[in-house]
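**Student:** The structure follows.
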Amino acid sequence: MIQEAHPALAPERRDRIRNLVREGGVARVEDLRKNLKVSVATIRRDLEILEEEGKVKRVHGGAVSMESRLEESVFDDKTNLASKQKKKIAEDALTLVGHEESVFLDGGSTTLFLARLLKQRTDITVVTNSVRAMEELADSGPRVIFTGGEFRRISQTMVGPLSTVVLEQIRVDKAFMGTMGFCLKNGITTTDPNEAYVKRVVSENAGQVILLADSTKADKVSFARVSDWDQVDILITDQAVPKHFTKTLRKRGIKVRLP
């Protein structure tokens, strides 16, 4: 049985939890329990208090820091953030779509800008789990394959294992992916494990993985890990991204485009 810490140490313990979550951007309850040598119930009570103070946000299985990361906004709000940069990134991504290729578009707001640009391309096949991208391409343009799955309202996407019934059967030439955050240490992350699961399946079955992410996502860590950088072939971002990002990623063999 785990011996509980003395109540007098609770504020100090919560400060330590806060620092651990902030340093990693995310932390699991089980890892915090092992680190602090207290019970799961104690960790959960501490996280509840820290959430009330606005320091962390509790998620299934752990917590994410509210002091070092981006929260996920509803989809329409995300589309309006850094819209000028996202349009430039999408225009650059369009130049990578070859004749008669198959491409995947995930539910990112930047990939929605790309979907709008693909409406004139009748020679390609688009696979997507994005309801908004499907709506953009429903009336005209490329052949569209919609994945199905569990509907996630905040991102307007179909996610989870049911989506892979389709995704495991196909191989796309290029996968255009958005993200909630990217950093050199933790790689590509998003807020929802089911969303991350779909992104991983697609990445494993794509000829090229192209990450579309404006510079506001740099050095941000979210709850669910998608992949390391070795799963990414090209990053398209904007000129404001920190220089050490582009330098390090190019050394790793990843192409970085700054339209």
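Quick note on naming: the chains in the structure tokens go A, B, ... in the order shown, residues restart at 1 in each chain, and ligands are numbered from 1 in order of appearance.
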Please list as a ChimeraX atom specification every residue within 7 Å of Thr157 in chain A, counting only C-alpha atoms and excluding residues in the same chain fewer than 3 positions away.
**Tutor:** /A:107,129-131,151-153
**Student:** Just to be explicit: take each residue in the selection above, keep C-alpha atoms, and write the result as a CSV table (one decimal), in the first residue's frame.
**Tutor:**
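Generated file (part_6.csv):
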```csv
chain,number,residue,atom,x,y,z
A,107,GLY,CA,-9.2,17.8,-40.1
A,129,ASN,CA,-11.8,12.4,-42.4
A,130,SER,CA,-12.8,16.1,-42.3
A,131,VAL,CA,-16.5,16.9,-42.6
A,151,PHE,CA,-17.8,12.2,-35.1
A,152,ARG,CA,-15.7,14.6,-33.1
A,153,ARG,CA,-17.6,17.9,-33.0
```
**Student:** So which residues touch range 43-51 of chain A within 10 Å, counting only C-alpha atoms, skipping near sequence neighbours fewer than 3 positions away, as a PyMOL selection string?
**Tutor:** chain A and resi 10-11+13-15+17-18+29-30+32-33+36-40+54-58+61-66
**Student:** Would you compute the distance between CA of Lys220 in chain A and CA of Ala175 in chain A? Give it in Å to one decimal.
**Tutor:** 21.8 Å
**Student:** What is the CA of Ala218 in chain A-CA of Ala133 in chain A distance in Å, reported with one decimal?
**Tutor:** 24.5 Å
**Student:** Which is closest to Cys183 in chain A among A:Val221, A:Val226, A:Ile236, A:Val59, if we use only C-alpha atoms?
**Tutor:** A:Val221
**Student:** Compile the contact shell of Pro259 in chain A as a list in words: residues with an atom at most 7 Å away, counting only C-alpha atoms, same-chain residues fewer than 3 positions apart removed.
**Tutor:**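 Listed by chain and then number, they are Lys88, Ile89, Asp92 and Asp238 of chain A.
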**Student:** Write out, as an mmCIF file, in the first residue's frame, the residues just selected, with C-alpha atoms.
**Tutor:**
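Saved file selection-v8.cif follows:
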```cif
data_model
loop_
_atom_site.group_PDB
_atom_site.id
_atom_site.type_symbol
_atom_site.label_atom_id
_atom_site.label_comp_id
_atom_site.auth_asym_id
_atom_site.auth_seq_id
_atom_site.Cartn_x
_atom_site.Cartn_y
_atom_site.Cartn_z
ATOM 1 C CA LYS A 88 0.136 30.853 -47.937
ATOM 2 C CA ILE A 89 0.972 27.433 -46.539
ATOM 3 C CA ASP A 92 2.499 26.164 -51.316
ATOM 4 C CA ASP A 238 5.818 30.387 -42.190
#
```
**Student:** With only C-alpha atoms as the basis for distance, which of A:Leu162, A:Leu212, A:Gly148, A:Met180 is at the shortest distance from Lys87 in chain A?
**Tutor:**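 Under the stated criterion, the closest residue is A:Leu212.
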**Student:** Got a sec to tell me which of range 87-220 of chain A DSSP assigns to strand (DSSP E), as a PyMOL selection string?
**Tutor:** chain A and resi 102-105+125-128+143-146+150-152+157-159+172-177+181-183+187-190+206-212
**Student:** Would you export the selected residues with N, CA and C atoms as an mmCIF file, in the first residue's frame, please?
**Tutor:**
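File produced: again_29.cif:
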```cif
data_model
loop_
_atom_site.group_PDB
_atom_site.id
_atom_site.type_symbol
_atom_site.label_atom_id
_atom_site.label_comp_id
_atom_site.auth_asym_id
_atom_site.auth_seq_id
_atom_site.Cartn_x
_atom_site.Cartn_y
_atom_site.Cartn_z
ATOM 1 N N SER A 102 -3.199 10.534 -55.393
ATOM 2 C CA SER A 102 -4.158 10.393 -54.296
ATOM 3 C C SER A 102 -3.584 11.100 -53.086
ATOM 4 N N VAL A 103 -4.422 11.875 -52.400
ATOM 5 C CA VAL A 103 -3.957 12.637 -51.248
ATOM 6 C C VAL A 103 -4.925 12.464 -50.084
ATOM 7 N N PHE A 104 -4.392 12.575 -48.888
ATOM 8 C CA PHE A 104 -5.216 12.573 -47.680
ATOM 9 C C PHE A 104 -5.211 13.971 -47.094
ATOM 10 N N LEU A 105 -6.378 14.436 -46.690
ATOM 11 C CA LEU A 105 -6.513 15.703 -45.967
ATOM 12 C C LEU A 105 -7.109 15.409 -44.603
ATOM 13 N N THR A 125 -7.600 12.045 -56.468
ATOM 14 C CA THR A 125 -8.489 11.439 -55.477
ATOM 15 C C THR A 125 -8.134 11.990 -54.102
ATOM 16 N N VAL A 126 -9.137 12.465 -53.396
ATOM 17 C CA VAL A 126 -8.940 12.990 -52.038
ATOM 18 C C VAL A 126 -9.605 12.046 -51.042
ATOM 19 N N VAL A 127 -8.827 11.583 -50.083
ATOM 20 C CA VAL A 127 -9.344 10.816 -48.955
ATOM 21 C C VAL A 127 -9.330 11.752 -47.753
ATOM 22 N N THR A 128 -10.409 11.805 -46.996
ATOM 23 C CA THR A 128 -10.441 12.730 -45.864
ATOM 24 C C THR A 128 -11.319 12.208 -44.739
ATOM 25 N N ARG A 143 -12.360 13.261 -57.081
ATOM 26 C CA ARG A 143 -13.039 12.118 -56.466
ATOM 27 C C ARG A 143 -12.767 12.158 -54.974
ATOM 28 N N VAL A 144 -13.797 11.915 -54.155
ATOM 29 C CA VAL A 144 -13.657 12.023 -52.702
ATOM 30 C C VAL A 144 -14.037 10.707 -52.040
ATOM 31 N N ILE A 145 -13.166 10.262 -51.134
ATOM 32 C CA ILE A 145 -13.441 9.094 -50.289
ATOM 33 C C ILE A 145 -13.492 9.579 -48.844
ATOM 34 N N PHE A 146 -14.619 9.385 -48.204
ATOM 35 C CA PHE A 146 -14.815 9.824 -46.817
ATOM 36 C C PHE A 146 -14.657 8.621 -45.900
ATOM 37 N N GLU A 150 -16.169 7.799 -35.796
ATOM 38 C CA GLU A 150 -16.868 8.511 -34.718
ATOM 39 C C GLU A 150 -16.725 10.009 -34.923
ATOM 40 N N PHE A 151 -17.834 10.735 -34.892
ATOM 41 C CA PHE A 151 -17.807 12.171 -35.144
ATOM 42 C C PHE A 151 -17.308 12.932 -33.928
ATOM 43 N N ARG A 152 -16.284 13.743 -34.125
ATOM 44 C CA ARG A 152 -15.735 14.592 -33.069
ATOM 45 C C ARG A 152 -16.096 16.037 -33.396
ATOM 46 N N THR A 157 -14.324 16.221 -37.328
ATOM 47 C CA THR A 157 -13.658 15.099 -37.993
ATOM 48 C C THR A 157 -14.255 13.771 -37.559
ATOM 49 N N MET A 158 -13.989 12.749 -38.360
ATOM 50 C CA MET A 158 -14.338 11.379 -38.028
ATOM 51 C C MET A 158 -13.066 10.701 -37.526
ATOM 52 N N VAL A 159 -13.131 10.112 -36.339
ATOM 53 C CA VAL A 159 -11.915 9.608 -35.693
ATOM 54 C C VAL A 159 -12.138 8.209 -35.128
ATOM 55 N N VAL A 172 -2.122 6.287 -49.918
ATOM 56 C CA VAL A 172 -2.163 7.567 -50.626
ATOM 57 C C VAL A 172 -0.749 8.006 -50.986
ATOM 58 N N ASP A 173 -0.650 8.804 -52.062
ATOM 59 C CA ASP A 173 0.663 9.317 -52.460
ATOM 60 C C ASP A 173 1.184 10.327 -51.447
ATOM 61 N N LYS A 174 0.293 11.219 -51.002
ATOM 62 C CA LYS A 174 0.706 12.268 -50.070
ATOM 63 C C LYS A 174 -0.369 12.473 -49.007
ATOM 64 N N ALA A 175 0.067 12.636 -47.776
ATOM 65 C CA ALA A 175 -0.844 12.939 -46.673
ATOM 66 C C ALA A 175 -0.526 14.334 -46.159
ATOM 67 N N PHE A 176 -1.520 15.216 -46.231
ATOM 68 C CA PHE A 176 -1.361 16.577 -45.721
ATOM 69 C C PHE A 176 -2.007 16.639 -44.345
ATOM 70 N N MET A 177 -1.185 16.894 -43.335
ATOM 71 C CA MET A 177 -1.621 16.789 -41.949
ATOM 72 C C MET A 177 -1.469 18.113 -41.222
ATOM 73 N N GLY A 181 0.297 21.054 -32.108
ATOM 74 C CA GLY A 181 1.588 21.528 -31.643
ATOM 75 C C GLY A 181 2.720 20.689 -32.208
ATOM 76 N N PHE A 182 3.886 21.313 -32.353
ATOM 77 C CA PHE A 182 5.069 20.556 -32.749
ATOM 78 C C PHE A 182 6.285 21.141 -32.047
ATOM 79 N N CYS A 183 7.156 20.263 -31.604
ATOM 80 C CA CYS A 183 8.399 20.707 -30.981
ATOM 81 C C CYS A 183 9.481 19.676 -31.270
ATOM 82 N N GLY A 187 8.004 15.963 -30.755
ATOM 83 C CA GLY A 187 7.470 15.665 -32.068
ATOM 84 C C GLY A 187 6.112 16.305 -32.318
ATOM 85 N N ILE A 188 5.206 15.532 -32.917
ATOM 86 C CA ILE A 188 3.904 16.037 -33.329
ATOM 87 C C ILE A 188 2.857 15.576 -32.314
ATOM 88 N N THR A 189 2.057 16.512 -31.810
ATOM 89 C CA THR A 189 1.047 16.164 -30.808
ATOM 90 C C THR A 189 -0.286 16.829 -31.130
ATOM 91 N N THR A 190 -1.346 16.232 -30.590
ATOM 92 C CA THR A 190 -2.681 16.791 -30.741
ATOM 93 C C THR A 190 -3.451 16.577 -29.445
ATOM 94 N N ALA A 206 1.187 6.323 -46.147
ATOM 95 C CA ALA A 206 1.343 7.395 -47.134
ATOM 96 C C ALA A 206 2.737 7.372 -47.726
ATOM 97 N N GLY A 207 2.808 7.708 -49.019
ATOM 98 C CA GLY A 207 4.115 7.812 -49.654
ATOM 99 C C GLY A 207 4.937 8.943 -49.069
ATOM 100 N N GLN A 208 4.286 10.075 -48.817
ATOM 101 C CA GLN A 208 4.918 11.222 -48.175
ATOM 102 C C GLN A 208 3.968 11.810 -47.150
ATOM 103 N N VAL A 209 4.525 12.246 -46.028
ATOM 104 C CA VAL A 209 3.744 12.942 -45.008
ATOM 105 C C VAL A 209 4.188 14.401 -44.997
ATOM 106 N N ILE A 210 3.241 15.287 -45.215
ATOM 107 C CA ILE A 210 3.542 16.717 -45.309
ATOM 108 C C ILE A 210 2.777 17.430 -44.203
ATOM 109 N N LEU A 211 3.505 18.011 -43.263
ATOM 110 C CA LEU A 211 2.907 18.693 -42.117
ATOM 111 C C LEU A 211 2.671 20.152 -42.459
ATOM 112 N N LEU A 212 1.421 20.593 -42.335
ATOM 113 C CA LEU A 212 1.052 21.989 -42.579
ATOM 114 C C LEU A 212 0.794 22.640 -41.228
#
```
